[in-house]
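The data block below is run.tsv; it holds TSV, C-alpha atoms.
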chain	number	residue	atom	x	y	z
A	1	MET	CA	0.00	0.00	0.00
A	2	GLU	CA	1.46	3.37	-0.98
A	3	GLU	CA	1.66	6.09	1.64
A	4	GLY	CA	0.20	8.87	-0.53
A	5	GLU	CA	-3.13	7.13	-1.21
A	6	TYR	CA	-6.23	8.48	0.46
A	7	GLU	CA	-9.16	6.54	1.84
A	8	SER	CA	-12.61	7.07	0.34
A	9	VAL	CA	-15.98	5.96	1.73
A	10	LEU	CA	-18.07	3.79	-0.61
A	11	CYS	CA	-21.05	2.82	1.53
A	12	VAL	CA	-22.36	3.25	5.10
A	13	LYS	CA	-25.17	1.17	6.66
A	14	PRO	CA	-26.34	2.01	10.18
A	15	GLU	CA	-27.27	-1.54	11.20
A	16	VAL	CA	-25.71	-4.92	10.50
A	17	HIS	CA	-25.74	-8.20	12.46
A	18	VAL	CA	-22.80	-10.58	12.92
A	19	TYR	CA	-23.25	-14.36	13.31
A	20	ARG	CA	-21.01	-17.25	14.16
A	21	ILE	CA	-21.15	-19.80	11.39
A	22	PRO	CA	-20.45	-23.53	11.56
A	23	PRO	CA	-17.64	-25.00	9.46
A	24	ARG	CA	-18.65	-25.78	5.91
A	25	ALA	CA	-18.90	-29.54	5.44
A	26	THR	CA	-19.31	-29.54	1.64
A	27	ASN	CA	-18.48	-27.24	-1.27
A	28	ARG	CA	-22.10	-26.44	-2.06
A	29	GLY	CA	-21.93	-23.06	-0.29
A	30	TYR	CA	-23.12	-21.43	2.93
A	31	ARG	CA	-26.72	-21.53	4.12
A	32	ALA	CA	-28.08	-18.79	6.39
A	33	ALA	CA	-30.78	-21.13	7.66
A	34	GLU	CA	-28.06	-23.04	9.55
A	35	TRP	CA	-27.16	-19.96	11.61
A	36	GLN	CA	-28.98	-18.81	14.71
A	37	LEU	CA	-30.50	-15.78	13.04
A	38	ASP	CA	-32.50	-14.72	16.09
A	39	GLN	CA	-29.35	-14.59	18.23
A	40	PRO	CA	-26.70	-12.42	16.50
A	41	SER	CA	-23.27	-12.34	18.18
A	42	TRP	CA	-22.85	-8.59	17.58
A	43	SER	CA	-24.77	-5.68	16.03
A	44	GLY	CA	-23.43	-2.34	14.90
A	45	ARG	CA	-22.61	-0.17	11.87
A	46	LEU	CA	-21.06	-1.27	8.59
A	47	ARG	CA	-18.81	0.99	6.53
A	48	ILE	CA	-17.08	0.17	3.23
A	49	THR	CA	-13.97	2.20	2.38
A	50	ALA	CA	-11.42	2.02	-0.42
A	51	LYS	CA	-7.73	2.80	-0.42
A	52	GLY	CA	-6.13	2.29	-3.78
A	53	GLN	CA	-7.43	-0.91	-5.34
A	54	VAL	CA	-8.36	-2.61	-2.03
A	55	ALA	CA	-11.78	-2.25	-0.39
A	56	TYR	CA	-12.28	-2.64	3.36
A	57	ILE	CA	-15.44	-3.84	5.09
A	58	LYS	CA	-15.36	-2.32	8.56
A	59	LEU	CA	-17.67	-3.29	11.42
A	60	GLU	CA	-17.82	-0.41	13.90
A	61	ASP	CA	-19.70	0.52	17.04
A	62	ARG	CA	-22.64	2.68	15.99
A	63	THR	CA	-22.11	5.10	18.91
A	64	SER	CA	-18.37	5.44	19.46
A	65	GLY	CA	-17.14	4.30	16.03
A	66	GLU	CA	-14.71	1.80	17.61
A	67	LEU	CA	-13.56	-0.85	15.14
A	68	PHE	CA	-14.90	-4.34	15.91
A	69	ALA	CA	-13.54	-6.24	12.88
A	70	GLN	CA	-12.22	-5.51	9.41
A	71	ALA	CA	-12.26	-7.53	6.19
A	72	PRO	CA	-9.94	-6.40	3.35
A	73	VAL	CA	-11.29	-7.29	-0.09
A	74	ASP	CA	-8.92	-7.43	-3.06
A	75	GLN	CA	-11.27	-9.24	-5.44
A	76	PHE	CA	-15.04	-9.44	-5.85
A	77	PRO	CA	-16.62	-11.91	-6.15
A	78	GLY	CA	-14.02	-13.99	-4.35
A	79	THR	CA	-13.20	-15.76	-1.11
A	80	ALA	CA	-13.17	-12.53	0.90
A	81	VAL	CA	-16.93	-12.01	0.37
A	82	GLU	CA	-19.40	-14.77	-0.51
A	83	SER	CA	-23.18	-14.79	-0.78
A	84	VAL	CA	-25.24	-17.50	0.88
A	85	THR	CA	-27.29	-19.85	-1.24
A	86	ASP	CA	-30.66	-19.40	0.45
A	87	SER	CA	-31.01	-15.61	0.95
A	88	SER	CA	-29.95	-12.28	-0.59
A	89	ARG	CA	-29.60	-10.49	2.78
A	90	TYR	CA	-26.75	-12.55	4.24
A	91	PHE	CA	-23.06	-12.83	3.35
A	92	VAL	CA	-19.92	-14.54	4.63
A	93	ILE	CA	-16.84	-12.32	4.96
A	94	ARG	CA	-13.24	-13.09	5.87
A	95	ILE	CA	-11.94	-10.84	8.65
A	96	GLU	CA	-8.26	-10.23	9.52
A	97	ASP	CA	-6.61	-8.78	12.60
A	98	GLY	CA	-3.44	-7.54	10.91
A	99	ASN	CA	-1.25	-10.24	12.49
A	100	GLY	CA	-2.02	-12.91	9.91
A	101	ARG	CA	-4.98	-14.44	11.70
A	102	ARG	CA	-8.18	-14.87	9.71
A	103	ALA	CA	-11.71	-16.00	10.44
A	104	PHE	CA	-14.98	-16.34	8.56
A	105	ILE	CA	-18.11	-14.75	10.00
A	106	GLY	CA	-21.62	-14.21	8.75
A	107	ILE	CA	-23.26	-10.79	8.40
A	108	GLY	CA	-26.89	-9.99	7.67
A	109	PHE	CA	-29.08	-6.94	7.00
A	110	GLY	CA	-32.64	-6.45	8.19
A	111	ASP	CA	-33.58	-4.66	4.92
A	112	ARG	CA	-33.05	-6.05	1.45
A	113	GLY	CA	-32.23	-2.56	0.14
A	114	ASP	CA	-29.23	-2.36	2.48
A	115	ALA	CA	-27.98	-5.72	1.24
A	116	PHE	CA	-28.38	-4.54	-2.37
A	117	ASP	CA	-26.38	-1.35	-1.69
A	118	PHE	CA	-23.64	-3.41	-0.01
A	119	ASN	CA	-23.33	-5.63	-3.06
A	120	VAL	CA	-23.42	-2.76	-5.60
A	121	ALA	CA	-20.78	-0.73	-3.74
A	122	LEU	CA	-18.28	-3.59	-4.04
A	123	GLN	CA	-19.17	-4.22	-7.69
A	124	ASP	CA	-18.69	-0.58	-8.68
A	125	HIS	CA	-15.34	-0.34	-6.91
A	126	PHE	CA	-13.83	-3.35	-8.66
A	127	LYS	CA	-15.29	-2.29	-11.98
A	128	TRP	CA	-13.35	0.94	-11.57
A	129	VAL	CA	-10.21	-1.06	-10.64
A	130	LYS	CA	-10.54	-3.07	-13.84
A	131	GLN	CA	-10.83	0.08	-15.95
A	132	GLN	CA	-7.75	1.60	-14.32
A	133	CYS	CA	-5.74	-1.52	-15.12
A	134	GLU	CA	-6.83	-1.39	-18.77
A	135	PHE	CA	-5.90	2.29	-19.03
A	136	ALA	CA	-2.47	1.59	-17.57
A	137	LYS	CA	-1.86	-1.19	-20.10
A	138	GLN	CA	-2.89	1.04	-23.00
A	139	ALA	CA	-0.59	3.81	-21.77
A	140	GLN	CA	2.38	1.42	-21.72
A	141	ASN	CA	1.53	-0.18	-25.09
A	142	PRO	CA	-0.52	2.29	-27.17
A	143	ASP	CA	-0.24	0.05	-30.27
A	144	LEU	CA	-2.25	-2.69	-28.56
A	145	GLY	CA	-5.40	-0.60	-28.33
A	146	PRO	CA	-8.09	-0.61	-31.02
A	147	LYS	CA	-7.36	1.73	-33.92
A	148	LEU	CA	-9.99	4.02	-35.35
A	149	ASP	CA	-10.56	3.39	-39.05
A	150	LEU	CA	-11.97	6.48	-40.79
A	151	GLY	CA	-11.54	5.19	-44.36
A	152	PHE	CA	-14.42	4.55	-46.73
A	153	LYS	CA	-15.53	0.99	-47.12
A	154	GLU	CA	-16.10	-0.49	-50.55
A	155	GLY	CA	-19.27	0.94	-52.05
A	156	GLN	CA	-19.75	3.45	-49.23
A	157	THR	CA	-20.74	6.98	-50.28
A	158	ILE	CA	-21.60	10.24	-48.60
A	159	LYS	CA	-24.21	12.80	-49.56
A	160	LEU	CA	-23.85	16.56	-49.18
A	161	ASN	CA	-26.86	18.86	-49.21
A	162	ILE	CA	-25.82	22.12	-50.88
A	163	ALA	CA	-29.26	23.29	-51.99
A	164	ASN	CA	-29.34	26.10	-49.45
A	165	MET	CA	-25.85	27.40	-50.17
A	166	LYS	CA	-25.77	30.78	-51.96
A	167	LYS	CA	-22.96	32.53	-53.74
A	168	LYS	CA	-21.63	35.61	-52.02
A	169	GLU	CA	-22.47	38.92	-53.59
A	170	GLY	CA	-19.59	40.21	-55.65
A	171	ALA	CA	-17.99	36.81	-56.21
A	172	ALA	CA	-16.17	36.04	-59.43
A	173	GLY	CA	-18.55	35.50	-62.32
A	174	THR	CA	-21.52	37.11	-60.56
A	175	PRO	CA	-22.55	40.48	-62.10
A	176	ARG	CA	-23.37	43.27	-59.71
A	177	ALA	CA	-26.74	44.95	-60.07
A	178	ARG	CA	-26.49	48.62	-61.09
A	179	PRO	CA	-28.16	51.01	-58.64
A	180	ALA	CA	-31.40	52.49	-59.89
A	181	SER	CA	-31.39	56.20	-60.79
A	182	THR	CA	-33.37	58.45	-58.46
A	183	GLY	CA	-34.18	61.09	-61.08
A	184	GLY	CA	-35.17	61.34	-64.70
A	185	LEU	CA	-31.75	62.73	-65.76
A	186	SER	CA	-28.45	61.00	-65.54
A	187	LEU	CA	-25.16	62.82	-65.18
A	188	LEU	CA	-22.68	62.33	-68.00
A	189	PRO	CA	-18.98	62.01	-67.28
A	190	PRO	CA	-16.74	64.95	-68.21
A	191	PRO	CA	-15.03	64.87	-71.63
A	192	PRO	CA	-11.67	63.17	-71.70
A	193	GLY	CA	-9.71	66.19	-72.91
A	194	GLY	CA	-11.19	68.75	-70.59
A	195	LYS	CA	-10.31	71.60	-73.06
A	196	THR	CA	-12.77	72.24	-75.85
A	197	SER	CA	-14.36	75.32	-77.33
A	198	THR	CA	-17.41	73.53	-78.62
A	199	LEU	CA	-20.55	74.32	-76.67
A	200	ILE	CA	-23.13	71.59	-76.29
A	201	PRO	CA	-26.56	73.15	-76.56
A	202	PRO	CA	-29.41	72.02	-74.36
A	203	PRO	CA	-32.08	69.83	-75.90
A	204	GLY	CA	-34.20	71.79	-78.37
A	205	GLU	CA	-31.54	74.40	-79.30
A	206	GLN	CA	-29.06	74.55	-82.14
A	207	LEU	CA	-25.89	76.48	-82.70
A	208	SER	CA	-26.04	79.29	-85.27
A	209	ALA	CA	-23.45	79.82	-87.94
A	210	GLY	CA	-21.63	82.45	-85.83
A	211	GLY	CA	-21.27	80.13	-82.90
A	212	SER	CA	-24.13	81.64	-80.84
A	213	LEU	CA	-27.19	79.82	-79.63
A	214	GLY	CA	-30.31	80.38	-81.64
A	215	GLN	CA	-33.74	80.54	-80.15
A	216	THR	CA	-35.84	77.54	-81.04
A	217	ALA	CA	-38.85	75.92	-79.58
A	218	VAL	CA	-37.95	74.18	-76.34
A	219	ALA	CA	-39.67	70.95	-75.54
A	220	PRO	CA	-40.52	70.60	-71.87
A	221	SER	CA	-38.85	67.79	-70.04
A	222	SER	CA	-40.08	66.01	-67.01
A	223	VAL	CA	-37.81	65.47	-64.01
A	224	GLY	CA	-39.24	63.56	-61.08
A	225	GLY	CA	-42.80	64.31	-62.15
A	226	ALA	CA	-42.29	68.16	-62.50
A	227	THR	CA	-42.34	69.95	-65.86
A	228	MET	CA	-39.41	72.26	-66.67
A	229	SER	CA	-38.02	73.98	-69.77
A	230	TRP	CA	-34.54	75.04	-70.71
A	231	PRO	CA	-33.82	78.77	-70.32
A	232	GLN	CA	-33.64	80.87	-73.53
A	233	PRO	CA	-30.24	82.49	-73.97
A	234	LYS	CA	-30.05	86.12	-74.93
A	235	PRO	CA	-29.15	86.98	-78.52
A	236	ALA	CA	-25.68	88.28	-79.03
A	237	THR	CA	-26.70	91.71	-80.49
A	238	ALA	CA	-30.43	92.06	-79.89
A	239	ASP	CA	-31.72	94.40	-77.20
A	240	ILE	CA	-34.58	92.87	-75.26
A	241	TRP	CA	-35.89	96.29	-74.21
A	242	GLY	CA	-36.56	97.40	-77.82
A	243	ASP	CA	-37.19	101.13	-78.21
A	244	PHE	CA	-38.09	101.64	-74.57
A	245	THR	CA	-34.70	103.05	-73.73
A	246	LYS	CA	-34.84	105.37	-76.72
A	247	SER	CA	-38.16	107.02	-75.81
A	248	THR	CA	-36.64	109.32	-73.20
A	249	GLY	CA	-38.18	112.79	-73.28
A	250	SER	CA	-41.37	111.72	-75.02
A	251	THR	CA	-44.54	113.22	-73.56
A	252	SER	CA	-46.70	110.48	-74.93
A	253	SER	CA	-47.65	107.73	-72.42
A	254	GLN	CA	-49.78	105.75	-74.79
A	255	THR	CA	-49.60	102.04	-74.74
A	256	GLN	CA	-48.31	100.56	-77.94
A	257	PRO	CA	-50.74	98.07	-79.37
A	258	GLY	CA	-49.59	94.49	-79.66
A	259	THR	CA	-47.02	94.69	-76.84
A	260	GLY	CA	-47.27	94.09	-73.17
A	261	TRP	CA	-44.99	96.93	-72.10
A	262	VAL	CA	-46.30	100.15	-70.47
A	263	GLN	CA	-44.32	103.35	-70.56
A	264	PHE	CA	-44.04	105.29	-67.31
Would you kindly transcribe this structure into structure tokens?
Amino acid sequence: MEEGEYESVLCVKPEVHVYRIPPRATNRGYRAAEWQLDQPSWSGRLRITAKGQVAYIKLEDRTSGELFAQAPVDQFPGTAVESVTDSSRYFVIRIEDGNGRRAFIGIGFGDRGDAFDFNVALQDHFKWVKQQCEFAKQAQNPDLGPKLDLGFKEGQTIKLNIANMKKKEGAAGTPRARPASTGGLSLLPPPPGGKTSTLIPPPGEQLSAGGSLGQTAVAPSSVGGATMSWPQPKPATADIWGDFTKSTGSTSSQTQPGTGWVQF
């Protein structure tokens, strides 16, 4: 037993009875009916502990906790703990005093649930011991353990569902949608040269022979639902005021027919 190992408690039962058992005459097993069940030799508390791989069945005084007897168990089922052949509440355990002396005694529980817990606690402990031994062997010889085969068997296929996958916007081969224009007119890019003397007339106007804009009928254009017309440029030499500026000093204030101008 190593010094650094700690002791853990596996099971505690508040009441257990101890019986003296007669020597076994045959190999057929122990029978609880042959014991004096109504006259137990001792009654107290049972506690199962574990230290390393060994479990210990301890019979203690239920008040003071003084140890009455102890049975080390290194294998279950085995000779250290045996079940009787005629009941599930009674067992035969092998106790030791630490000086090499051993004896077999009978123990019994008044409740079948306590006997079941006693049996399961020992089973779980030695199941854990078996797993620890297997882990230790695998750690020393990792090649002995089962290998995981992830290869495809003959005729085995896999199926991928890509119906819901969508191409990312802007990926290669996917045209981008042009943004819709918010107005009726679109802006043209500037000319490549940037230096030109040619004037581009608005829609509905034409350049005259002398390079000036001539007045023509302007078709209204619609922008965003509103009607607008291009402004009429002024002629190069014409005077829009006519003879109004030349009538200075005239005493006549008559309105010329056919015009909408009034002299003041």
- Query: Neighbours of Glu96 of chain A within 9 Å (all atoms listed in the file; same-chain residues fewer than 2 positions away dropped), as a list of chain:residue names?
  - Reply: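 Those residues are A:Ala69, A:Gln70, A:Ala71, A:Pro72, A:Arg94, A:Gly98, A:Asn99, A:Gly100, A:Arg101, A:Arg102, A:Ala103.
In this comparison, which uses all atoms listed in the file, the residue of A:Phe104, A:Tyr6, A:Tyr90, A:Phe152 approaching Arg31 of chain A most closely is A:Tyr90.
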- Please identify all polymer residues within 10 Å of segment 54-57 of chain A, counting only C-alpha atoms, omitting same-chain residues fewer than 5 positions from it, and present them as a ChimeraX atom specification. /A:1,7-12,46-49,69-76,80-81,93-95,118,121-122,125-126,129
- For Gly110 of chain A, work out the shell of residues within 12 Å, counting all atoms listed in the file and skipping chain neighbours fewer than 3 positions away, then give it as a list of chain:residue names.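 Answer for this query is A:Lys13, A:Pro14, A:Glu15, A:Val16, A:His17, A:Val18, A:Leu37, A:Asp38, A:Pro40, A:Ser43, A:Ser87, A:Ser88, A:Arg89, A:Tyr90, A:Ile107, A:Gly113, A:Asp114, A:Ala115, A:Phe116.
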- Between atom CA of Val120 of chain A and atom CA of Glu5 of chain A, distance in Å (one decimal):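 Atom CA of Glu5 of chain A lies at a distance of 23.0 Å from atom CA of Val120 of chain A.
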- Query: So, counting all atoms listed in the file, which residue among A:Gln36, A:Asp117, A:Gly155, A:Gly44 is closest to Ser64 of chain A?
  - Reply: A:Gly44
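Atom CA of Arg24 of chain A to atom CA of Ser41 of chain A spans 18.8 Å [interatomic distance, one decimal].
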- Can you work out the spacing between atom CA of Ala32 of chain A and atom CA of Thr85 of chain A in Å, to one decimal? 7.7 Å
Centre and edge lengths of an axis-aligned box around all listed atoms of segment 99-105 of chain A, with 5 Å added on each side, are to be given in Å to one decimal, as JSON.
{"center_x": -9.7, "center_y": -13.3, "center_z": 10.5, "size_x": 26.9, "size_y": 16.1, "size_z": 13.9}
